[in-house]
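To start, the structure under review is shown below, and the notes come after it.
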Protein chains: 4
Amino acid sequence: MPALSPEELYLFDTTGFLLIRGAFTPAEVTEARAELTRLSPADSGFANTERFQDLPGASGLFARLALDPRLVGPVREVVNQPLRVLEGYGLRRGPDSVLYLHGGNSELLDLDGGRTVGRDMSITHTYHDGKLYCPYVKTLLYLSDITTPEDGSFCYIQGSHKANFPLLRPRAERGARASLIDEGFPTLSDVFVRAGDLLLLNEALMHGTRRKRTPGDRLLVAYGYGPTFLTDWRELDGETGDLRGAGYVDHDVEEDFVS
Amino acid sequence: MPALSPEELYLFDTTGFLLIRGAFTPAEVTEARAELTRLSPADSGFANTERFQDLPGASGLFARLALDPRLVGPVREVVNQPLRVLEGYGLRRGPDSVLYLHGGNSELLDLDGGRTVGRDMSITHTYHDGKLYCPYVKTLLYLSDITTPEDGSFCYIQGSHKANFPLLRPRAERGARASLIDEGFPTLSDVFVRAGDLLLLNEALMHGTRRKRTPGDRLLVAYGYGPTFLTDWRELDGETGDLRGAGYVDHDVEEDFVS
Amino acid sequence: MPALSPEELYLFDTTGFLLIRGAFTPAEVTEARAELTRLSPADSGFANTERFQDLPGASGLFARLALDPRLVGPVREVVNQPLRVLEGYGLRRGPDSVLYLHGGNSELLDLDGGRTVGRDMSITHTYHDGKLYCPYVKTLLYLSDITTPEDGSFCYIQGSHKANFPLLRPRAERGARASLIDEGFPTLSDVFVRAGDLLLLNEALMHGTRRKRTPGDRLLVAYGYGPTFLTDWRELDGETGDLRGAGYVDHDVEEDFVS
Amino acid sequence: MPALSPEELYLFDTTGFLLIRGAFTPAEVTEARAELTRLSPADSGFANTERFQDLPGASGLFARLALDPRLVGPVREVVNQPLRVLEGYGLRRGPDSVLYLHGGNSELLDLDGGRTVGRDMSITHTYHDGKLYCPYVKTLLYLSDITTPEDGSFCYIQGSHKANFPLLRPRAERGARASLIDEGFPTLSDVFVRAGDLLLLNEALMHGTRRKRTPGDRLLVAYGYGPTFLTDWRELDGETGDLRGAGYVDHDVEEDFVS
């Protein structure tokens, strides 16, 4: 039996994500929270944000979770390639943390030599004969309730996973320096969740989170999946001189433009 | 100045390959042949075919060649992503060797669990705003003259790099067991080359070589290039149990069906 | 100067429509309402709905309106082909009227001979080199305020203009017989307008209107535009025996399934 | 039973045309030639070329031929929309006649107001779920043998029906003023036929005919087919002032550039 119903697949295709409510039980949420407490977070580089690196390597529980059918089942339906886990991490965020918008199907990427391109092939998805082919898909397992924008809710630009035009750099070139997270955009929308909910995400969707204003933590565990020919997630500033460096080079993200 | 003229780019786009005649001098060809002679070939697994593995690792000359602007310049014009070298190898073939057809934009790939898909995302290319995005591109530097089909010429199915339908498995299901290399196909075409010629190849093109019947060797050096987020080329039979295995899983190739 | 800003074009591309607020003045709205009063409506075939046919032929005012730059300017930016007016009509709706969902990028269409296809080429749009190509675009000029669902608001399924899967027939085959207008759908959304607002619509968007429950009329004037090689809008049940019949054959719409 | 085998469909998809040899008998060829002799040709506007207009209207034989399953069967497999006949004509060409290249998936089209676009939607085709959607397809029934280029053979640019780049205008801008028919192009190819052969053609293919040098006539009957919402074929110079003019506006063709 397919892991996604026809209407769930329709929703994922048309919106770029799918919220699966109550995928994990309260007991499982408690267990995952406790396991994270045993691990040592790294500095994420973002304000008031701790990042737990390489969860599958750091914890047997999280290694098993990466293979849990509740995650891998839906992922298979939208990747449709021989599969591998590209990354697994946890994020604990406190008040005043924020995650600016990133992703988007046609945002610009600078190549060596000054050329600019409107495709990042690591997220360029397609469709053929009844199947989606999304090369980078994440599952976000929420371990906190996030029920208002002030809780730092997941937000996204509608339809940006299939956008034909770039949004961020042209906006910056017209002088905009604020994040759409704060400034708003006609199609910026929020997703509110409860602990135990699972968000299946096409990384081509332009998304981020609202600025968290409430006390308490905002905790989640995330896994990235893709075809077996993709390398583990690792940030790469650009090509290396010997053309042997492997990793992911960012296309435009709001961080580059927001002051 | 772009490495490819508008008409060269048109030809690569519409046919899936581009032959650049006389890219390397006779002296360079002689030097490359001599360098290969110093290296130890491995058994390729194909009849009368020696394979020289990991050329960039095995030889300074071939490490530099991987970065030669005559290779990398054209490659950049058709990959248009931050770039890396995915593989570099040599092939020396003798009489009676053959390379059956492989590639093709819509050939079938078996997934774990019995599902079949018509896309191999490692070769799925697209176009956007004046630029091609080919994730797997090869440069073949010929070190022998190959001027007749009997010399084991490169051959390909016209337009197969953009085919919407699969060819091989449906053909096998109708009972065909011979290679199109031998049996022919209305759009199977040959490319004849001289030593020093360079072939720029979109791996989505269905291609192979004719059965070599003439004496002497057929020698070439090949490099594969792709975006930085692709892993080094390595054959993978399928997913590993921990979903951490990395590599390339074959879609249908003629070898699977030919007896 | 382009008729649409980059962000308006981004919104139209990603959502399938664009609301241009206050495009027409109250005086122009009054004039258009008065002009419709002078014309004789036809029975629309829908409950409590009058349809004013062939507005450009029936009225000099509406013939000029079809060419008004406030309509044609935005339309040109999203059709990008030599242009023609395909239809122009008015709709006056009273209480209990409704317009079920229709459109959608991949809904099914029955061909003669029993074949089914997932494309209606009259609405199949594409993008190339910075420009959209939407073959059927409508402008809806509202002559009434519609500020609640009970006023019979325009509603649509998010992202349906680029959907890869069909929604309606599979739903009916699973037994659904109610309209999503009444039953709801996670991504069914409303657009509220004031008289004088203009809605630019990609006909590939699945859209309809809510069931009107409030008193008063709901009046609008609509024009359809497309490339010059499209025929005037006219419903065609199917092919004619001589293959000379011209017109538009419906793909699946909710009316076919709702009881 | 489908009118095209899987391999015929593969060939049509990958090359943009399909030659069906011996589709009509010598007796049928003789009958069609005789029927044309009874009709009055018009001046085609091309040298040594007579054009027989509106064959379905002018002759019962040719009205029936437009509906012949040997034509309509294959056409249905590649249009996949409710169908109509868009045109039917005969062409008799004598020595020194020529038909320069036209068609091509991405050639440029001038819009009113000075904008240029790279799509002519009347020939923009797509694929979805196992089916091709070609909006303009022709069947050419040959009534003469054309076995050498000097007979004025049909010729085409390989892969041009799916080209992402334009060829003709950039070439003209670089100073080229000769036809590729005469000057050659690496992928310009010929199709040789016998009377009774049928050519199924995707109008997005860039095609023309060689310069006829041999004596005798070169006679064929052609029908154009497309979806029911397309208007009869008629040349339109551009939009009409009232935006009601219907017809087909040319994108770049070689005639515009060749001197």
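Residues are named by chain letter and number: chains run A, B, ... in the order of the structure tokens, numbers start at 1 in each chain, and ligands are numbered from 1 in the order shown.
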
Can you list every residue of chain B that has an atom at most 7 Å from chain D, with its nearest atom pair and the distance in Å to one decimal, using only C-alpha atoms, ordered by chain then number, as CSV?
```
residue,atom,partner,partner_atom,distance
B:Tyr10,CA,D:Phe165,CA,6.2
B:Asp13,CA,D:Ala163,CA,6.7
B:Thr14,CA,D:Gly159,CA,4.6
B:Thr15,CA,D:Gly159,CA,6.2
B:Gln158,CA,D:Thr14,CA,6.8
B:Gly159,CA,D:Thr14,CA,4.6
B:Ser160,CA,D:Thr14,CA,6.2
B:Lys162,CA,D:Thr14,CA,7.0
B:Ala163,CA,D:Thr14,CA,5.6
B:Phe165,CA,D:Tyr10,CA,6.2
```

> DSSP on the backbone: what in stretch 151-190 of chain B comes out alpha helix (DSSP H), as a VMD selection string?
Replying inline: chain B and resid 168 to 173 180 to 183

> Can you tell me, as a VMD selection string, what residues are no more than 10 Å from A:Asp120 when counting only C-alpha atoms, ignoring any on the same chain fewer than 6 positions away?
Replying inline: (chain A and resid 103 to 109 204 248 to 252) or (chain B and resid 80 to 82 133 227)

> What is the distance, in Å and to one decimal place, between atom CA of B:Arg93 and atom CA of B:Pro56?
Replying inline: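 Atom CA of B:Pro56 lies 20.6 Å from atom CA of B:Arg93.
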
Check stretch 69-197 of chain C with DSSP on the backbone and list each residue it calls strand (DSSP E), as an mmCIF file with N, CA, C and O atoms, in the first residue's frame.
```cif
data_model
loop_
_atom_site.group_PDB
_atom_site.id
_atom_site.type_symbol
_atom_site.label_atom_id
_atom_site.label_comp_id
_atom_site.auth_asym_id
_atom_site.auth_seq_id
_atom_site.Cartn_x
_atom_site.Cartn_y
_atom_site.Cartn_z
ATOM 1 N N LEU C 83 -2.114 38.375 -29.855
ATOM 2 C CA LEU C 83 -3.266 38.222 -28.957
ATOM 3 C C LEU C 83 -4.609 38.403 -29.651
ATOM 4 O O LEU C 83 -4.721 39.124 -30.626
ATOM 5 N N ARG C 84 -5.599 37.736 -29.110
ATOM 6 C CA ARG C 84 -6.976 38.011 -29.504
ATOM 7 C C ARG C 84 -7.915 37.815 -28.322
ATOM 8 O O ARG C 84 -7.592 37.119 -27.356
ATOM 9 N N VAL C 85 -9.092 38.439 -28.457
ATOM 10 C CA VAL C 85 -10.153 38.261 -27.470
ATOM 11 C C VAL C 85 -10.939 37.015 -27.837
ATOM 12 O O VAL C 85 -11.406 36.896 -28.970
ATOM 13 N N LEU C 86 -11.065 36.080 -26.916
ATOM 14 C CA LEU C 86 -11.746 34.817 -27.204
ATOM 15 C C LEU C 86 -13.202 34.834 -26.775
ATOM 16 O O LEU C 86 -14.028 34.107 -27.300
ATOM 17 N N GLU C 87 -13.510 35.690 -25.812
ATOM 18 C CA GLU C 87 -14.888 35.783 -25.324
ATOM 19 C C GLU C 87 -15.002 37.001 -24.423
ATOM 20 O O GLU C 87 -14.010 37.524 -23.915
ATOM 21 N N GLY C 88 -16.233 37.472 -24.262
ATOM 22 C CA GLY C 88 -16.510 38.558 -23.329
ATOM 23 C C GLY C 88 -17.939 38.389 -22.862
ATOM 24 O O GLY C 88 -18.858 38.275 -23.682
ATOM 25 N N TYR C 89 -18.148 38.329 -21.567
ATOM 26 C CA TYR C 89 -19.506 38.071 -21.069
ATOM 27 C C TYR C 89 -19.683 38.691 -19.689
ATOM 28 O O TYR C 89 -18.708 39.042 -19.013
ATOM 29 N N GLY C 90 -20.938 38.849 -19.310
ATOM 30 C CA GLY C 90 -21.257 39.304 -17.970
ATOM 31 C C GLY C 90 -21.999 38.223 -17.224
ATOM 32 O O GLY C 90 -22.657 37.375 -17.829
ATOM 33 N N LEU C 91 -21.874 38.207 -15.906
ATOM 34 C CA LEU C 91 -22.602 37.229 -15.076
ATOM 35 C C LEU C 91 -23.252 37.973 -13.911
ATOM 36 O O LEU C 91 -22.572 38.649 -13.141
ATOM 37 N N ARG C 92 -24.575 37.831 -13.825
ATOM 38 C CA ARG C 92 -25.270 38.371 -12.644
ATOM 39 C C ARG C 92 -25.849 37.192 -11.872
ATOM 40 O O ARG C 92 -26.670 36.447 -12.407
ATOM 41 N N ARG C 93 -25.402 37.035 -10.662
ATOM 42 C CA ARG C 93 -25.841 35.891 -9.876
ATOM 43 C C ARG C 93 -26.591 36.334 -8.644
ATOM 44 O O ARG C 93 -26.257 37.345 -8.019
ATOM 45 N N LEU C 99 -20.850 28.148 -8.427
ATOM 46 C CA LEU C 99 -20.082 27.714 -9.597
ATOM 47 C C LEU C 99 -19.073 26.686 -9.103
ATOM 48 O O LEU C 99 -18.134 27.016 -8.383
ATOM 49 N N TYR C 100 -19.326 25.424 -9.452
ATOM 50 C CA TYR C 100 -18.459 24.356 -8.962
ATOM 51 C C TYR C 100 -17.056 24.486 -9.547
ATOM 52 O O TYR C 100 -16.828 25.196 -10.520
ATOM 53 N N LEU C 101 -16.138 23.738 -8.976
ATOM 54 C CA LEU C 101 -14.730 23.824 -9.398
ATOM 55 C C LEU C 101 -14.536 23.296 -10.816
ATOM 56 O O LEU C 101 -15.093 22.268 -11.199
ATOM 57 N N HIS C 102 -13.713 24.012 -11.545
ATOM 58 C CA HIS C 102 -13.308 23.583 -12.882
ATOM 59 C C HIS C 102 -11.900 24.113 -13.126
ATOM 60 O O HIS C 102 -11.413 24.950 -12.399
ATOM 61 N N LEU C 109 -9.553 14.177 -19.474
ATOM 62 C CA LEU C 109 -10.385 14.520 -20.630
ATOM 63 C C LEU C 109 -10.611 13.239 -21.416
ATOM 64 O O LEU C 109 -9.663 12.503 -21.699
ATOM 65 N N ASP C 110 -11.865 12.964 -21.740
ATOM 66 C CA ASP C 110 -12.187 11.764 -22.512
ATOM 67 C C ASP C 110 -12.098 12.058 -23.995
ATOM 68 O O ASP C 110 -12.716 13.003 -24.487
ATOM 69 N N THR C 116 -8.316 8.290 -22.424
ATOM 70 C CA THR C 116 -8.350 9.391 -21.469
ATOM 71 C C THR C 116 -6.999 10.067 -21.454
ATOM 72 O O THR C 116 -5.969 9.396 -21.463
ATOM 73 N N VAL C 117 -7.004 11.377 -21.411
ATOM 74 C CA VAL C 117 -5.737 12.110 -21.368
ATOM 75 C C VAL C 117 -5.734 13.083 -20.196
ATOM 76 O O VAL C 117 -6.781 13.528 -19.732
ATOM 77 N N THR C 126 3.327 27.170 -20.243
ATOM 78 C CA THR C 126 4.726 26.856 -20.055
ATOM 79 C C THR C 126 5.508 28.134 -19.800
ATOM 80 O O THR C 126 4.940 29.224 -19.718
ATOM 81 N N TYR C 127 6.805 27.994 -19.658
ATOM 82 C CA TYR C 127 7.704 29.106 -19.370
ATOM 83 C C TYR C 127 8.953 28.906 -20.201
ATOM 84 O O TYR C 127 9.412 27.774 -20.369
ATOM 85 N N HIS C 128 9.511 29.992 -20.701
ATOM 86 C CA HIS C 128 10.752 29.893 -21.473
ATOM 87 C C HIS C 128 11.460 31.235 -21.450
ATOM 88 O O HIS C 128 10.846 32.269 -21.762
ATOM 89 N N LYS C 131 9.786 34.304 -19.750
ATOM 90 C CA LYS C 131 8.403 34.661 -20.091
ATOM 91 C C LYS C 131 7.456 33.488 -19.871
ATOM 92 O O LYS C 131 7.797 32.345 -20.150
ATOM 93 N N LEU C 132 6.268 33.828 -19.402
ATOM 94 C CA LEU C 132 5.202 32.850 -19.270
ATOM 95 C C LEU C 132 4.428 32.757 -20.578
ATOM 96 O O LEU C 132 4.303 33.739 -21.308
ATOM 97 N N TYR C 133 3.887 31.581 -20.838
ATOM 98 C CA TYR C 133 3.054 31.373 -22.014
ATOM 99 C C TYR C 133 1.774 30.683 -21.569
ATOM 100 O O TYR C 133 1.721 29.455 -21.497
ATOM 101 N N VAL C 137 -6.268 33.074 -20.707
ATOM 102 C CA VAL C 137 -6.202 33.953 -19.548
ATOM 103 C C VAL C 137 -7.490 34.757 -19.492
ATOM 104 O O VAL C 137 -7.974 35.220 -20.522
ATOM 105 N N LYS C 138 -8.043 34.890 -18.303
ATOM 106 C CA LYS C 138 -9.259 35.696 -18.154
ATOM 107 C C LYS C 138 -8.996 36.902 -17.270
ATOM 108 O O LYS C 138 -8.147 36.867 -16.379
ATOM 109 N N THR C 139 -9.733 37.959 -17.559
ATOM 110 C CA THR C 139 -9.785 39.108 -16.642
ATOM 111 C C THR C 139 -11.203 39.194 -16.122
ATOM 112 O O THR C 139 -12.164 39.242 -16.902
ATOM 113 N N LEU C 140 -11.330 39.212 -14.820
ATOM 114 C CA LEU C 140 -12.649 39.348 -14.186
ATOM 115 C C LEU C 140 -12.715 40.731 -13.553
ATOM 116 O O LEU C 140 -11.943 41.036 -12.637
ATOM 117 N N LEU C 141 -13.621 41.549 -14.058
ATOM 118 C CA LEU C 141 -13.819 42.874 -13.472
ATOM 119 C C LEU C 141 -15.055 42.798 -12.570
ATOM 120 O O LEU C 141 -16.178 42.591 -13.057
ATOM 121 N N TYR C 142 -14.829 42.961 -11.291
ATOM 122 C CA TYR C 142 -15.937 42.825 -10.336
ATOM 123 C C TYR C 142 -16.738 44.124 -10.252
ATOM 124 O O TYR C 142 -16.161 45.211 -10.160
ATOM 125 N N PHE C 154 -14.923 34.062 -5.038
ATOM 126 C CA PHE C 154 -14.029 33.275 -5.896
ATOM 127 C C PHE C 154 -13.183 32.386 -4.987
ATOM 128 O O PHE C 154 -12.645 32.855 -3.983
ATOM 129 N N CYS C 155 -13.074 31.108 -5.330
ATOM 130 C CA CYS C 155 -12.220 30.224 -4.536
ATOM 131 C C CYS C 155 -11.433 29.313 -5.477
ATOM 132 O O CYS C 155 -11.809 29.122 -6.632
ATOM 133 N N TYR C 156 -10.353 28.777 -4.984
ATOM 134 C CA TYR C 156 -9.441 28.025 -5.853
ATOM 135 C C TYR C 156 -8.635 27.039 -5.021
ATOM 136 O O TYR C 156 -8.520 27.166 -3.805
ATOM 137 N N ILE C 157 -8.101 26.058 -5.702
ATOM 138 C CA ILE C 157 -7.214 25.071 -5.077
ATOM 139 C C ILE C 157 -5.776 25.525 -5.308
ATOM 140 O O ILE C 157 -5.329 25.644 -6.452
ATOM 141 N N LEU C 188 -8.161 24.712 -0.353
ATOM 142 C CA LEU C 188 -9.197 25.543 -0.975
ATOM 143 C C LEU C 188 -9.176 26.910 -0.289
ATOM 144 O O LEU C 188 -9.299 26.996 0.930
ATOM 145 N N SER C 189 -9.014 27.964 -1.069
ATOM 146 C CA SER C 189 -8.817 29.307 -0.522
ATOM 147 C C SER C 189 -9.750 30.294 -1.204
ATOM 148 O O SER C 189 -10.178 30.070 -2.342
ATOM 149 N N ASP C 190 -10.044 31.387 -0.524
ATOM 150 C CA ASP C 190 -10.974 32.399 -1.032
ATOM 151 C C ASP C 190 -10.256 33.682 -1.410
ATOM 152 O O ASP C 190 -9.229 34.025 -0.828
ATOM 153 N N VAL C 191 -10.849 34.392 -2.358
ATOM 154 C CA VAL C 191 -10.380 35.735 -2.710
ATOM 155 C C VAL C 191 -11.553 36.691 -2.499
ATOM 156 O O VAL C 191 -12.611 36.508 -3.108
#
```

>> Can you pull out the residues contacting B:Phe229? Cut-off 7 Å, using only C-alpha atoms, and skip same-chain residues under 5 positions away; I want them as a PyMOL selection string.
In response: chain A and resi 122+230-231+246-248

> Which value, in Å to one decimal, gives the distance between atom CA of D:Thr148 and atom CA of D:Thr209?
Replying inline: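 Between atom CA of D:Thr148 and atom CA of D:Thr209 the gap works out to 11.2 Å.
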
>> Using Å and a single decimal, report how far atom CA of B:Tyr225 sits from atom CA of B:Ala42.
In response: 22.0 Å

> Which of these residues is nearest to B:Gly245, using only C-alpha atoms: A:Thr25, A:Ser259, A:Thr228, A:Asn48?
Replying inline: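 The answer is A:Thr228, which sits nearest to B:Gly245.
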
So that I can see what lies close to D:Glu50, please list as a short mmCIF file (atom, residue, chain, number, x, y, z; two decimals) with N, CA and C atoms, in the first residue's frame the residues with an atom at most 12 Å from it, counting only C-alpha atoms and leaving out residues fewer than 3 positions away in the same chain.
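Saved to out.cif:
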```cif
data_model
loop_
_atom_site.label_atom_id
_atom_site.label_comp_id
_atom_site.auth_asym_id
_atom_site.auth_seq_id
_atom_site.Cartn_x
_atom_site.Cartn_y
_atom_site.Cartn_z
N LEU D 36 -6.30 15.70 -58.55
CA LEU D 36 -5.66 17.03 -58.50
C LEU D 36 -5.68 17.70 -59.87
N THR D 37 -5.53 16.89 -60.93
CA THR D 37 -5.53 17.43 -62.29
C THR D 37 -6.86 18.10 -62.62
N LEU D 39 -8.59 19.77 -60.49
CA LEU D 39 -8.76 20.99 -59.68
C LEU D 39 -7.89 22.12 -60.23
N SER D 40 -8.26 23.34 -59.89
CA SER D 40 -7.49 24.50 -60.37
C SER D 40 -6.54 24.97 -59.29
N PRO D 41 -5.26 24.94 -59.58
CA PRO D 41 -4.32 25.40 -58.57
C PRO D 41 -4.29 26.92 -58.48
N ALA D 42 -3.85 27.41 -57.35
CA ALA D 42 -3.63 28.84 -57.16
C ALA D 42 -2.13 29.11 -57.23
N ASP D 43 -1.80 30.37 -57.43
CA ASP D 43 -0.39 30.76 -57.36
C ASP D 43 0.03 30.67 -55.89
N SER D 44 1.09 29.95 -55.65
CA SER D 44 1.50 29.72 -54.26
C SER D 44 2.31 30.87 -53.69
N GLY D 45 2.79 31.73 -54.58
CA GLY D 45 3.71 32.76 -54.12
C GLY D 45 5.16 32.28 -54.10
N PHE D 46 5.36 31.01 -54.39
CA PHE D 46 6.72 30.46 -54.48
C PHE D 46 7.01 30.11 -55.95
N ALA D 47 8.26 30.21 -56.34
CA ALA D 47 8.63 29.95 -57.73
C ALA D 47 8.31 28.52 -58.14
N GLN D 53 -5.72 24.68 -53.07
CA GLN D 53 -6.25 25.16 -51.79
C GLN D 53 -7.42 24.30 -51.30
N TYR D 89 -4.19 20.70 -48.42
CA TYR D 89 -3.75 21.36 -49.66
C TYR D 89 -2.86 20.42 -50.45
N GLY D 90 -2.71 20.74 -51.72
CA GLY D 90 -1.78 20.02 -52.57
C GLY D 90 -0.69 20.96 -53.04
N LEU D 91 0.49 20.41 -53.31
CA LEU D 91 1.61 21.20 -53.82
C LEU D 91 2.23 20.48 -55.01
N ARG D 92 2.25 21.18 -56.14
CA ARG D 92 2.97 20.63 -57.30
C ARG D 92 4.14 21.56 -57.58
N ARG D 93 5.33 21.00 -57.48
CA ARG D 93 6.52 21.82 -57.67
C ARG D 93 7.33 21.36 -58.85
N GLY D 94 7.88 22.33 -59.57
CA GLY D 94 8.71 22.04 -60.73
C GLY D 94 10.17 22.38 -60.46
N SER D 97 12.33 24.98 -57.83
CA SER D 97 11.55 25.35 -56.65
C SER D 97 12.33 24.94 -55.40
N ASP D 217 7.48 16.59 -62.11
CA ASP D 217 6.89 17.31 -60.98
C ASP D 217 7.16 16.60 -59.67
N ARG D 218 6.92 17.31 -58.61
CA ARG D 218 7.06 16.82 -57.24
C ARG D 218 5.72 17.15 -56.60
N LEU D 219 4.90 16.12 -56.42
CA LEU D 219 3.51 16.35 -56.06
C LEU D 219 3.19 15.69 -54.73
N LEU D 220 2.48 16.40 -53.91
CA LEU D 220 2.05 15.81 -52.64
C LEU D 220 0.75 16.46 -52.18
N VAL D 221 0.09 15.75 -51.30
CA VAL D 221 -1.12 16.23 -50.65
C VAL D 221 -0.84 16.28 -49.16
#
```
